[in-house]
file final-v6.cif (mmCIF, C-alpha atoms)
data_entry
#
loop_
_atom_site.label_atom_id
_atom_site.label_comp_id
_atom_site.auth_asym_id
_atom_site.auth_seq_id
_atom_site.Cartn_x
_atom_site.Cartn_y
_atom_site.Cartn_z
CA MET A 1 -82.08 110.50 -163.59
CA PHE A 2 -78.81 109.08 -164.84
CA GLU A 3 -77.10 112.43 -165.02
CA GLU A 4 -77.22 112.51 -161.19
CA MET A 5 -75.22 109.30 -161.00
CA THR A 6 -72.12 110.95 -159.63
CA VAL A 7 -69.58 109.27 -157.38
CA ASP A 8 -71.05 111.13 -154.43
CA PHE A 9 -74.51 109.84 -155.19
CA ILE A 10 -73.32 106.25 -155.57
CA LEU A 11 -71.29 106.34 -152.36
CA GLY A 12 -74.23 107.87 -150.50
CA HIS A 13 -76.59 105.14 -151.65
CA LEU A 14 -74.24 102.17 -151.62
CA ASN A 15 -75.30 101.15 -148.12
CA TYR A 16 -78.98 101.07 -149.08
CA TRP A 17 -78.17 98.81 -152.05
CA PHE A 18 -76.05 96.62 -149.83
CA PHE A 19 -79.02 96.10 -147.49
CA ILE A 20 -81.28 95.42 -150.46
CA ILE A 21 -78.89 92.68 -151.61
CA LEU A 22 -79.14 91.13 -148.13
CA MET A 23 -82.92 91.47 -148.17
CA MET A 24 -83.16 89.76 -151.53
CA THR A 25 -80.92 86.92 -150.32
CA GLY A 26 -83.36 86.35 -147.48
CA LEU A 27 -86.35 86.54 -149.82
CA TYR A 28 -84.70 84.05 -152.18
CA VAL A 29 -84.21 81.58 -149.33
CA VAL A 30 -87.86 81.99 -148.33
CA ILE A 31 -89.17 81.40 -151.86
CA ALA A 32 -86.77 78.88 -153.34
CA LYS A 33 -85.85 76.57 -150.46
CA GLY A 34 -88.23 73.81 -149.50
CA ASN A 35 -86.97 73.18 -145.99
CA LEU A 36 -89.16 74.92 -143.43
CA VAL A 37 -86.40 75.68 -140.89
CA LYS A 38 -84.34 77.20 -143.67
CA LYS A 39 -87.31 79.35 -144.66
CA ILE A 40 -87.44 80.73 -141.12
CA VAL A 41 -83.72 81.51 -141.23
CA GLY A 42 -84.25 83.31 -144.54
CA LEU A 43 -87.10 85.28 -143.01
CA ASN A 44 -84.78 86.29 -140.17
CA ILE A 45 -82.12 87.49 -142.62
CA PHE A 46 -84.73 89.51 -144.49
CA GLN A 47 -85.99 91.00 -141.25
CA THR A 48 -82.53 91.94 -139.95
CA SER A 49 -81.63 93.66 -143.20
CA VAL A 50 -84.83 95.72 -142.99
CA PHE A 51 -83.69 96.74 -139.49
CA MET A 52 -80.30 97.75 -140.90
CA LEU A 53 -82.01 99.88 -143.54
CA TYR A 54 -84.04 101.71 -140.90
CA ILE A 55 -81.09 102.26 -138.58
CA SER A 56 -78.98 103.59 -141.42
CA ILE A 57 -81.70 106.14 -142.21
CA GLY A 58 -81.36 107.45 -138.65
CA LYS A 59 -77.57 107.82 -138.82
CA VAL A 60 -76.18 111.35 -138.96
CA GLU A 61 -72.69 111.92 -140.33
CA GLY A 62 -70.36 112.74 -137.44
CA GLY A 63 -73.11 112.05 -134.92
CA THR A 64 -72.91 109.83 -131.88
CA ALA A 65 -75.27 107.55 -129.97
CA PRO A 66 -78.30 109.45 -128.61
CA ILE A 67 -77.31 109.31 -124.95
CA PHE A 68 -77.03 112.61 -123.09
CA PRO A 69 -74.55 113.45 -120.33
CA MET A 70 -75.76 112.50 -116.85
CA ASP A 71 -76.23 116.12 -115.76
CA MET A 72 -78.50 116.64 -118.81
CA LYS A 73 -76.51 119.67 -119.93
CA ILE A 74 -76.67 119.12 -123.64
CA ASP A 75 -74.01 120.71 -125.77
CA PRO A 76 -75.93 122.30 -128.68
CA GLU A 77 -72.96 121.68 -130.95
CA MET A 78 -73.13 117.93 -130.32
CA LEU A 79 -74.67 115.87 -133.11
CA TYR A 80 -76.76 112.88 -132.11
CA SER A 81 -78.18 110.23 -134.39
CA ASN A 82 -81.95 110.09 -134.69
CA PRO A 83 -83.30 107.96 -131.80
CA LEU A 84 -86.73 107.33 -133.33
CA PRO A 85 -85.69 104.54 -135.75
CA HIS A 86 -83.82 102.88 -132.89
CA VAL A 87 -87.00 102.80 -130.81
CA LEU A 88 -89.08 101.40 -133.65
CA ILE A 89 -86.52 98.72 -134.43
CA LEU A 90 -86.21 97.70 -130.78
CA THR A 91 -89.93 96.97 -130.87
CA ALA A 92 -89.58 95.20 -134.21
CA ILE A 93 -86.79 92.90 -132.99
CA VAL A 94 -88.91 91.65 -130.12
CA VAL A 95 -91.94 91.18 -132.36
CA GLY A 96 -89.63 89.34 -134.78
CA ILE A 97 -88.53 86.83 -132.18
CA ALA A 98 -92.19 86.27 -131.30
CA THR A 99 -93.08 85.43 -134.90
CA THR A 100 -89.97 83.27 -135.24
CA SER A 101 -90.85 81.22 -132.19
CA LEU A 102 -94.43 80.80 -133.41
CA GLY A 103 -93.14 79.64 -136.80
CA LEU A 104 -90.77 77.15 -135.18
CA ALA A 105 -93.60 75.79 -133.03
CA LEU A 106 -95.67 75.35 -136.19
CA ILE A 107 -92.77 73.47 -137.80
CA ILE A 108 -92.58 71.09 -134.86
CA ARG A 109 -96.31 70.48 -135.11
CA ILE A 110 -96.09 69.90 -138.90
CA ARG A 111 -93.22 67.47 -138.40
CA GLU A 112 -95.31 65.60 -135.86
CA GLU A 113 -98.18 65.27 -138.31
CA TYR A 114 -96.33 64.64 -141.58
CA HIS A 115 -92.97 63.26 -140.35
CA THR A 116 -91.09 65.63 -142.62
CA ILE A 117 -90.21 69.31 -142.80
CA GLU A 118 -89.73 69.41 -146.58
CA GLU A 119 -92.34 71.35 -148.47
CA HIS A 120 -92.62 69.09 -151.54
CA GLU A 121 -92.93 65.94 -149.44
CA ILE A 122 -95.84 67.49 -147.54
CA ALA A 123 -97.42 68.43 -150.88
CA GLU A 124 -97.00 64.82 -152.12
CA GLN A 125 -98.71 63.45 -149.04
CA GLU A 126 -101.54 65.94 -149.41
CA THR A 127 -102.03 64.98 -153.08
CA LYS A 128 -102.15 61.32 -152.12
CA VAL A 129 -104.71 61.95 -149.40
CA SER A 130 -106.98 63.97 -151.66
CA PHE A 131 -106.60 61.31 -154.41
CA TYR A 132 -107.82 58.61 -152.03
CA GLU A 133 -110.65 60.78 -150.82
CA LEU A 134 -111.79 61.46 -154.37
CA ASN A 135 -111.84 57.75 -155.18
CA GLY A 136 -113.80 56.99 -152.06
CA ASN A 137 -111.18 54.60 -150.74
CA GLN A 138 -110.41 54.31 -147.08
CA LEU A 139 -107.00 55.67 -146.21
CA THR A 140 -105.02 52.85 -144.69
CA SER A 141 -102.62 53.43 -141.89
CA GLY A 142 -99.79 51.82 -143.86
CA ASP A 143 -99.86 54.72 -146.30
CA ASN A 144 -96.92 56.35 -144.66
CA SER A 145 -94.52 57.11 -147.46
CA MET B 1 -69.02 89.75 -144.50
CA LEU B 2 -72.75 89.86 -143.91
CA VAL B 3 -73.32 89.11 -147.57
CA ILE B 4 -70.90 86.18 -147.43
CA THR B 5 -72.68 84.76 -144.40
CA ALA B 6 -76.07 85.16 -146.06
CA LEU B 7 -74.87 83.44 -149.22
CA ALA B 8 -73.41 80.63 -147.12
CA VAL B 9 -76.87 80.17 -145.61
CA VAL B 10 -78.28 79.74 -149.11
CA ARG B 11 -75.71 77.13 -150.10
CA THR B 12 -75.34 75.06 -146.94
CA ARG B 13 -77.37 71.87 -146.67
CA SER B 14 -76.68 70.97 -143.05
CA LEU B 15 -79.38 72.66 -141.00
CA PHE B 16 -77.15 72.78 -137.93
CA ALA B 17 -74.62 74.86 -139.87
CA VAL B 18 -77.41 77.06 -141.22
CA VAL B 19 -78.67 77.85 -137.73
CA THR B 20 -75.15 78.59 -136.49
CA LEU B 21 -74.57 80.84 -139.48
CA SER B 22 -77.75 82.73 -138.70
CA GLY B 23 -76.37 83.35 -135.21
CA VAL B 24 -73.15 84.65 -136.79
CA PHE B 25 -75.25 86.86 -139.04
CA SER B 26 -77.05 88.33 -136.04
CA LEU B 27 -73.80 89.07 -134.22
CA LEU B 28 -72.32 90.75 -137.29
CA SER B 29 -75.43 92.86 -137.68
CA ALA B 30 -75.15 93.85 -134.01
CA LEU B 31 -71.64 95.12 -134.76
CA LEU B 32 -73.03 97.06 -137.69
CA PHE B 33 -75.67 98.60 -135.44
CA ILE B 34 -72.94 99.83 -133.08
CA THR B 35 -71.12 101.55 -135.92
CA LEU B 36 -74.44 103.13 -136.90
CA ASP B 37 -74.77 104.62 -133.36
CA ALA B 38 -77.67 102.36 -132.37
CA VAL B 39 -76.19 100.82 -129.23
CA ASP B 40 -79.55 99.84 -127.72
CA VAL B 41 -80.53 98.03 -130.88
CA ALA B 42 -77.16 96.28 -130.99
CA PHE B 43 -77.74 95.08 -127.42
CA THR B 44 -81.12 93.67 -128.23
CA GLU B 45 -80.02 92.12 -131.50
CA ALA B 46 -77.06 90.37 -129.84
CA ALA B 47 -79.23 89.04 -127.02
CA VAL B 48 -82.38 88.20 -128.94
CA GLY B 49 -81.18 87.51 -132.47
CA ALA B 50 -77.94 85.72 -131.73
CA GLY B 51 -78.98 84.25 -128.39
CA ILE B 52 -82.62 83.36 -128.01
CA SER B 53 -83.53 82.69 -131.62
CA THR B 54 -80.49 80.46 -132.15
CA VAL B 55 -81.42 78.47 -129.07
CA LEU B 56 -85.03 78.17 -130.27
CA MET B 57 -83.91 76.99 -133.69
CA LEU B 58 -81.53 74.45 -132.20
CA GLY B 59 -84.41 73.20 -130.09
CA THR B 60 -86.51 72.82 -133.20
CA LEU B 61 -83.71 70.93 -134.92
CA ALA B 62 -83.49 68.57 -131.97
CA LEU B 63 -87.18 67.76 -132.43
CA THR B 64 -87.04 67.54 -136.23
CA SER B 65 -84.40 66.55 -138.76
CA ARG B 66 -80.85 67.68 -139.17
CA SER B 67 -80.26 68.03 -142.88
CA GLU B 68 -82.00 69.39 -145.92
CA ARG B 69 -82.98 67.15 -148.84
CA SER B 70 -81.80 68.11 -152.29
CA GLU B 71 -84.05 70.26 -154.40
CA LYS B 72 -85.83 68.99 -157.47
CA LYS B 73 -87.24 72.14 -158.99
CA THR B 74 -85.10 74.66 -160.83
CA PRO B 75 -84.64 77.99 -159.06
CA ILE B 76 -85.25 80.17 -162.16
CA VAL B 77 -88.63 81.60 -161.17
CA PRO B 78 -87.68 82.57 -157.57
CA LEU B 79 -84.47 84.12 -158.89
CA LEU B 80 -86.47 86.18 -161.35
CA VAL B 81 -88.94 87.31 -158.67
CA VAL B 82 -86.08 88.28 -156.36
CA LEU B 83 -84.24 90.21 -159.08
CA VAL B 84 -87.35 92.14 -160.09
CA THR B 85 -88.19 92.99 -156.48
CA GLY B 86 -84.61 94.05 -155.81
CA ALA B 87 -84.53 96.24 -158.89
CA ALA B 88 -87.78 97.91 -157.82
CA MET B 89 -86.33 98.59 -154.36
CA VAL B 90 -83.10 100.01 -155.77
CA TYR B 91 -85.23 102.26 -157.97
CA GLY B 92 -87.02 103.35 -154.80
CA THR B 93 -83.76 104.30 -153.08
CA LEU B 94 -82.79 106.66 -155.90
CA ASP B 95 -84.95 109.38 -154.37
CA MET B 96 -83.54 108.90 -150.88
CA PRO B 97 -81.12 111.38 -149.31
CA ASN B 98 -77.45 110.45 -149.08
CA PHE B 99 -76.39 108.22 -146.22
CA GLY B 100 -75.77 110.21 -143.02
CA SER B 101 -76.71 113.59 -144.44
CA PRO B 102 -77.79 115.85 -141.54
CA ASP B 103 -80.47 117.70 -143.56
CA ALA B 104 -82.44 114.59 -144.56
CA PRO B 105 -86.17 114.81 -143.78
CA ALA B 106 -85.85 112.08 -141.17
CA GLN B 107 -83.34 114.20 -139.27
CA THR B 108 -85.02 117.60 -139.58
CA HIS B 109 -88.61 116.90 -138.56
CA VAL B 110 -89.28 114.75 -135.49
CA GLY B 111 -85.78 114.06 -134.18
CA PRO B 112 -84.78 117.59 -133.06
CA GLU B 113 -88.11 118.04 -131.30
CA TYR B 114 -87.43 114.98 -129.18
CA PHE B 115 -83.99 116.31 -128.32
CA GLU B 116 -85.54 119.59 -127.15
CA ARG B 117 -88.33 118.00 -125.14
CA ILE B 118 -86.57 115.09 -123.45
CA PRO B 119 -84.38 117.09 -121.00
CA LYS B 120 -87.40 119.18 -119.98
CA GLU B 121 -90.09 116.53 -119.81
CA ILE B 122 -88.47 113.17 -119.16
CA ASP B 123 -85.01 113.86 -117.71
CA VAL B 124 -83.61 110.46 -118.69
CA PRO B 125 -80.15 110.57 -120.26
CA ASN B 126 -80.79 107.82 -122.78
CA ALA B 127 -83.01 109.29 -125.51
CA VAL B 128 -84.00 105.86 -126.82
CA THR B 129 -85.30 104.79 -123.42
CA ALA B 130 -87.15 108.06 -122.95
CA ILE B 131 -88.95 107.78 -126.28
CA LEU B 132 -89.62 104.06 -125.91
CA ALA B 133 -91.22 104.33 -122.51
CA SER B 134 -93.07 107.62 -122.81
CA TYR B 135 -93.64 109.16 -126.24
CA ARG B 136 -94.13 105.81 -127.91
CA GLY B 137 -95.42 103.90 -124.92
CA TYR B 138 -98.38 102.51 -126.85
CA ASP B 139 -95.97 100.81 -129.25
CA THR B 140 -94.42 99.02 -126.33
CA LEU B 141 -97.85 98.08 -125.02
CA GLY B 142 -98.74 96.65 -128.44
CA GLU B 143 -95.45 94.80 -128.55
CA THR B 144 -96.21 93.22 -125.21
CA ALA B 145 -99.60 92.15 -126.55
CA VAL B 146 -97.94 90.56 -129.60
CA VAL B 147 -95.42 88.68 -127.48
CA PHE B 148 -98.19 87.49 -125.18
CA THR B 149 -100.27 86.26 -128.11
CA ALA B 150 -97.26 84.50 -129.64
CA GLY B 151 -96.52 82.86 -126.30
CA ILE B 152 -100.06 81.55 -126.05
CA GLY B 153 -99.86 80.31 -129.64
CA VAL B 154 -96.61 78.46 -129.01
CA LEU B 155 -98.01 76.91 -125.84
CA MET B 156 -101.15 75.76 -127.66
CA LEU B 157 -99.15 74.24 -130.50
CA MET B 158 -96.65 72.54 -128.24
CA SER B 159 -98.98 71.40 -125.47
CA GLY B 160 -99.56 67.70 -125.45
CA LEU B 161 -96.51 67.07 -127.62
CA GLY B 162 -95.14 64.52 -125.20
CA ARG B 163 -98.60 63.09 -124.52
CA ARG B 164 -99.38 62.58 -128.21
CA ARG B 165 -96.00 61.03 -128.78
CA LYS B 166 -96.65 58.53 -126.00
CA GLU B 167 -100.05 57.68 -127.49
CA ASP B 168 -98.35 57.08 -130.83
CA GLU B 169 -95.97 54.63 -129.25
CA ASP B 170 -98.79 52.81 -127.50
CA ASP B 171 -101.02 52.68 -130.54
CA PRO B 172 -99.42 53.43 -133.91
CA ASP B 173 -102.80 53.52 -135.70
CA GLN B 174 -103.93 56.57 -133.78
CA GLU B 175 -104.36 59.86 -135.55
CA GLY B 176 -100.98 61.50 -135.91
CA GLY B 177 -99.29 58.19 -136.41
CA SER B 178 -100.89 57.73 -139.80
CA ALA B 179 -101.08 60.05 -142.82
#

call {"tool": "encode", "arguments": {"input": "final-v6.cif", "output": "structure tokens"}}
result
Amino acid sequence: MFEEMTVDFILGHLNYWFFIILMMTGLYVVIAKGNLVKKIVGLNIFQTSVFMLYISIGKVEGGTAPIFPMDMKIDPEMLYSNPLPHVLILTAIVVGIATTSLGLALIIRIREEYHTIEEHEIAEQETKVSFYELNGNQLTSGDNS
Amino acid sequence: MLVITALAVVRTRSLFAVVTLSGVFSLLSALLFITLDAVDVAFTEAAVGAGISTVLMLGTLALTSRSERSEKKTPIVPLLVVLVTGAAMVYGTLDMPNFGSPDAPAQTHVGPEYFERIPKEIDVPNAVTAILASYRGYDTLGETAVVFTAGIGVLMLMSGLGRRRKEDEDDPDQEGGSA
């Protein structure tokens, strides 16, 4: 495999690697950061870089946007980029905003219940609650740490 | 520039700045989409990604807190997971055709057929619109279903937010005030 690693090969694949770096940045934010809003932002970054990967697959060297002349007389010499990835990604963007808004609504609800949007603080509260339940004690309302 | 913005998102603690940076990220990616010939996608990304989602996130921030607490755990394990995943994906790209090559499988199979059929069957100048509304109409139908479901979900989660808050103020011992 490594004998194919010519300059041409590297230049032709550099954009894919670039998008993978972006994707991994988003994934890192999702995994490593405890703040829920930040997790959603990381998810968005991940998502957008996947879109970029798809769109770049559809790009043709020297091509142009896939919009025909108004009289529909298409010049056969004209190169157009592939419109299919564009269509799929248009759908994906809208689905993405739907999931984002649902996630944000969940965050608001969590904040209302736990008074925090930090993951480890929620985990602490949950541990405390299950500790009290195991010991058969009544959870007092002043247990709001 | 996109990478710099993304890294800034990782480092910044102020959530307001993070949300603004994500809007910047969306706008930059819209520019990238234009250079990649996807003008329709750039439109949507600028409107939806930079516009609506930023507004939604700002709304969330207004209802929650503004800044992120400092982390306790060490980020070694996530870093390792991310590096391994990234390496696997780079390995996957090694078999892909060069960027923009006209004889890639993606360009030679379905795409030309659409270009032949659209002037005859649809007669809409914008190929993306023609495919979206006709050849892949079921996708759009499914998308509408998803958005509808998400809308219902958001409404269910958010409904009674003000009412519950008022109950909390009246009686702090009520469920939701404790725990």

call {"tool": "interface_residues", "arguments": {"input": "final-v6.cif", "of": "chain B", "to": "chain A", "cutoff": "6 Å", "atoms": "only C-alpha atoms", "output": "list in words"}}
result
Leu36, Asp37, Val41, Pro78, Val82, Asn98, Phe99, Gly100, Ser101, Pro102, Gly111, Pro125, Asn126, Ala127, Val128, Leu132, Val147, Ala150, Val154, Gly176, Ser178 and Ala179 of chain B

call {"tool": "atom_distance", "arguments": {"input": "final-v6.cif", "atom1": "atom CA of B:Thr64", "atom2": "atom CA of B:Met158"}}
result
13.5 Å

call {"tool": "closest_residue", "arguments": {"input": "final-v6.cif", "among": "A:Thr6, A:Asn135, A:Leu53, A:Gln47", "to": "B:Met89", "atoms": "only C-alpha atoms"}}
result
A:Leu53

call {"tool": "residues_around", "arguments": {"input": "final-v6.cif", "residues": "B:Val19", "least_positions_apart": "4", "cutoff": "7 Å", "atoms": "all atoms listed in the file", "output": "ChimeraX atom specification"}}
result
/B:15,23,54,57

call {"tool": "write_last_selection", "arguments": {"input": "final-v6.cif", "atoms": "C-alpha atoms", "output": "PDB file, in the coordinates of the input"}}
result
ATOM      1  CA  LEU B  15     -79.380  72.660-141.000  1.00  0.00           C
ATOM      2  CA  GLY B  23     -76.370  83.350-135.210  1.00  0.00           C
ATOM      3  CA  THR B  54     -80.490  80.460-132.150  1.00  0.00           C
ATOM      4  CA  MET B  57     -83.910  76.990-133.690  1.00  0.00           C
TER       5      MET B  57
END

call {"tool": "atom_distance", "arguments": {"input": "final-v6.cif", "atom1": "atom CA of B:Pro119", "atom2": "atom CA of B:Ala133"}}
result
14.6 Å

call {"tool": "atom_distance", "arguments": {"input": "final-v6.cif", "atom1": "atom CA of B:Ala130", "atom2": "atom CA of B:Ile118"}}
result
7.1 Å

call {"tool": "decode", "arguments": {"input": "final-v6.cif", "residues": "stretch 120-131 of chain B", "atoms": "all heavy atoms", "output": "PDB file, in the first residue's frame"}}
result
ATOM      1  N   LYS B 120     -35.714  15.472 -20.045  1.00  0.00           N
ATOM      2  CA  LYS B 120     -36.843  14.818 -20.702  1.00  0.00           C
ATOM      3  C   LYS B 120     -38.044  14.695 -19.770  1.00  0.00           C
ATOM      4  O   LYS B 120     -39.173  14.927 -20.163  1.00  0.00           O
ATOM      5  CB  LYS B 120     -36.423  13.416 -21.183  1.00  0.00           C
ATOM      6  CG  LYS B 120     -35.675  13.441 -22.494  1.00  0.00           C
ATOM      7  CD  LYS B 120     -35.373  12.032 -22.968  1.00  0.00           C
ATOM      8  CE  LYS B 120     -34.092  11.522 -22.336  1.00  0.00           C
ATOM      9  NZ  LYS B 120     -33.799  10.131 -22.605  1.00  0.00           N
ATOM     10  N   GLU B 121     -37.772  14.290 -18.526  1.00  0.00           N
ATOM     11  CA  GLU B 121     -38.883  13.891 -17.658  1.00  0.00           C
ATOM     12  C   GLU B 121     -39.363  15.000 -16.736  1.00  0.00           C
ATOM     13  O   GLU B 121     -40.545  15.092 -16.430  1.00  0.00           O
ATOM     14  CB  GLU B 121     -38.461  12.676 -16.815  1.00  0.00           C
ATOM     15  CG  GLU B 121     -38.216  11.456 -17.679  1.00  0.00           C
ATOM     16  CD  GLU B 121     -37.697  10.291 -16.885  1.00  0.00           C
ATOM     17  OE1 GLU B 121     -37.469  10.457 -15.670  1.00  0.00           O
ATOM     18  OE2 GLU B 121     -37.508   9.221 -17.478  1.00  0.00           O
ATOM     19  N   ILE B 122     -38.450  15.814 -16.234  1.00  0.00           N
ATOM     20  CA  ILE B 122     -38.840  16.783 -15.212  1.00  0.00           C
ATOM     21  C   ILE B 122     -38.906  18.194 -15.781  1.00  0.00           C
ATOM     22  O   ILE B 122     -39.816  18.957 -15.484  1.00  0.00           O
ATOM     23  CB  ILE B 122     -37.854  16.763 -14.031  1.00  0.00           C
ATOM     24  CG1 ILE B 122     -37.559  15.341 -13.615  1.00  0.00           C
ATOM     25  CG2 ILE B 122     -38.410  17.563 -12.874  1.00  0.00           C
ATOM     26  CD1 ILE B 122     -38.628  14.666 -12.867  1.00  0.00           C
ATOM     27  N   ASP B 123     -37.893  18.569 -16.572  1.00  0.00           N
ATOM     28  CA  ASP B 123     -37.857  19.893 -17.187  1.00  0.00           C
ATOM     29  C   ASP B 123     -37.740  21.005 -16.139  1.00  0.00           C
ATOM     30  O   ASP B 123     -38.376  22.041 -16.259  1.00  0.00           O
ATOM     31  CB  ASP B 123     -39.085  20.113 -18.079  1.00  0.00           C
ATOM     32  CG  ASP B 123     -38.787  21.149 -19.149  1.00  0.00           C
ATOM     33  OD1 ASP B 123     -37.607  21.248 -19.529  1.00  0.00           O
ATOM     34  OD2 ASP B 123     -39.710  21.852 -19.565  1.00  0.00           O
ATOM     35  N   VAL B 124     -36.964  20.754 -15.106  1.00  0.00           N
ATOM     36  CA  VAL B 124     -36.650  21.806 -14.129  1.00  0.00           C
ATOM     37  C   VAL B 124     -35.163  22.082 -14.234  1.00  0.00           C
ATOM     38  O   VAL B 124     -34.368  21.142 -14.228  1.00  0.00           O
ATOM     39  CB  VAL B 124     -37.022  21.356 -12.696  1.00  0.00           C
ATOM     40  CG1 VAL B 124     -36.482  22.320 -11.675  1.00  0.00           C
ATOM     41  CG2 VAL B 124     -38.512  21.219 -12.552  1.00  0.00           C
ATOM     42  N   PRO B 125     -34.755  23.335 -14.357  1.00  0.00           N
ATOM     43  CA  PRO B 125     -33.331  23.603 -14.600  1.00  0.00           C
ATOM     44  C   PRO B 125     -32.419  23.154 -13.458  1.00  0.00           C
ATOM     45  O   PRO B 125     -31.305  22.730 -13.707  1.00  0.00           O
ATOM     46  CB  PRO B 125     -33.278  25.126 -14.753  1.00  0.00           C
ATOM     47  CG  PRO B 125     -34.656  25.538 -15.056  1.00  0.00           C
ATOM     48  CD  PRO B 125     -35.563  24.552 -14.415  1.00  0.00           C
ATOM     49  N   ASN B 126     -32.889  23.260 -12.224  1.00  0.00           N
ATOM     50  CA  ASN B 126     -32.025  22.907 -11.112  1.00  0.00           C
ATOM     51  C   ASN B 126     -32.103  21.398 -10.870  1.00  0.00           C
ATOM     52  O   ASN B 126     -33.132  20.870 -10.455  1.00  0.00           O
ATOM     53  CB  ASN B 126     -32.458  23.675  -9.872  1.00  0.00           C
ATOM     54  CG  ASN B 126     -31.460  23.523  -8.751  1.00  0.00           C
ATOM     55  OD1 ASN B 126     -30.671  22.585  -8.737  1.00  0.00           O
ATOM     56  ND2 ASN B 126     -31.483  24.448  -7.823  1.00  0.00           N
ATOM     57  N   ALA B 127     -30.996  20.702 -11.118  1.00  0.00           N
ATOM     58  CA  ALA B 127     -31.000  19.243 -11.006  1.00  0.00           C
ATOM     59  C   ALA B 127     -31.267  18.800  -9.579  1.00  0.00           C
ATOM     60  O   ALA B 127     -31.929  17.783  -9.343  1.00  0.00           O
ATOM     61  CB  ALA B 127     -29.658  18.697 -11.479  1.00  0.00           C
ATOM     62  N   VAL B 128     -30.765  19.565  -8.605  1.00  0.00           N
ATOM     63  CA  VAL B 128     -30.953  19.167  -7.205  1.00  0.00           C
ATOM     64  C   VAL B 128     -32.435  19.187  -6.845  1.00  0.00           C
ATOM     65  O   VAL B 128     -32.954  18.250  -6.229  1.00  0.00           O
ATOM     66  CB  VAL B 128     -30.138  20.102  -6.285  1.00  0.00           C
ATOM     67  CG1 VAL B 128     -30.412  19.766  -4.841  1.00  0.00           C
ATOM     68  CG2 VAL B 128     -28.666  19.974  -6.578  1.00  0.00           C
ATOM     69  N   THR B 129     -33.131  20.254  -7.273  1.00  0.00           N
ATOM     70  CA  THR B 129     -34.557  20.335  -6.999  1.00  0.00           C
ATOM     71  C   THR B 129     -35.309  19.193  -7.661  1.00  0.00           C
ATOM     72  O   THR B 129     -36.195  18.576  -7.064  1.00  0.00           O
ATOM     73  CB  THR B 129     -35.122  21.665  -7.527  1.00  0.00           C
ATOM     74  OG1 THR B 129     -34.227  22.688  -7.187  1.00  0.00           O
ATOM     75  CG2 THR B 129     -36.473  21.946  -6.964  1.00  0.00           C
ATOM     76  N   ALA B 130     -34.934  18.908  -8.923  1.00  0.00           N
ATOM     77  CA  ALA B 130     -35.638  17.869  -9.667  1.00  0.00           C
ATOM     78  C   ALA B 130     -35.512  16.527  -8.964  1.00  0.00           C
ATOM     79  O   ALA B 130     -36.498  15.804  -8.780  1.00  0.00           O
ATOM     80  CB  ALA B 130     -35.062  17.780 -11.077  1.00  0.00           C
ATOM     81  N   ILE B 131     -34.284  16.196  -8.525  1.00  0.00           N
ATOM     82  CA  ILE B 131     -34.090  14.904  -7.870  1.00  0.00           C
ATOM     83  C   ILE B 131     -34.798  14.880  -6.517  1.00  0.00           C
ATOM     84  O   ILE B 131     -35.476  13.921  -6.161  1.00  0.00           O
ATOM     85  CB  ILE B 131     -32.592  14.613  -7.704  1.00  0.00           C
ATOM     86  CG1 ILE B 131     -31.935  14.504  -9.068  1.00  0.00           C
ATOM     87  CG2 ILE B 131     -32.389  13.337  -6.930  1.00  0.00           C
ATOM     88  CD1 ILE B 131     -30.458  14.308  -8.998  1.00  0.00           C
TER      89      ILE B 131
END
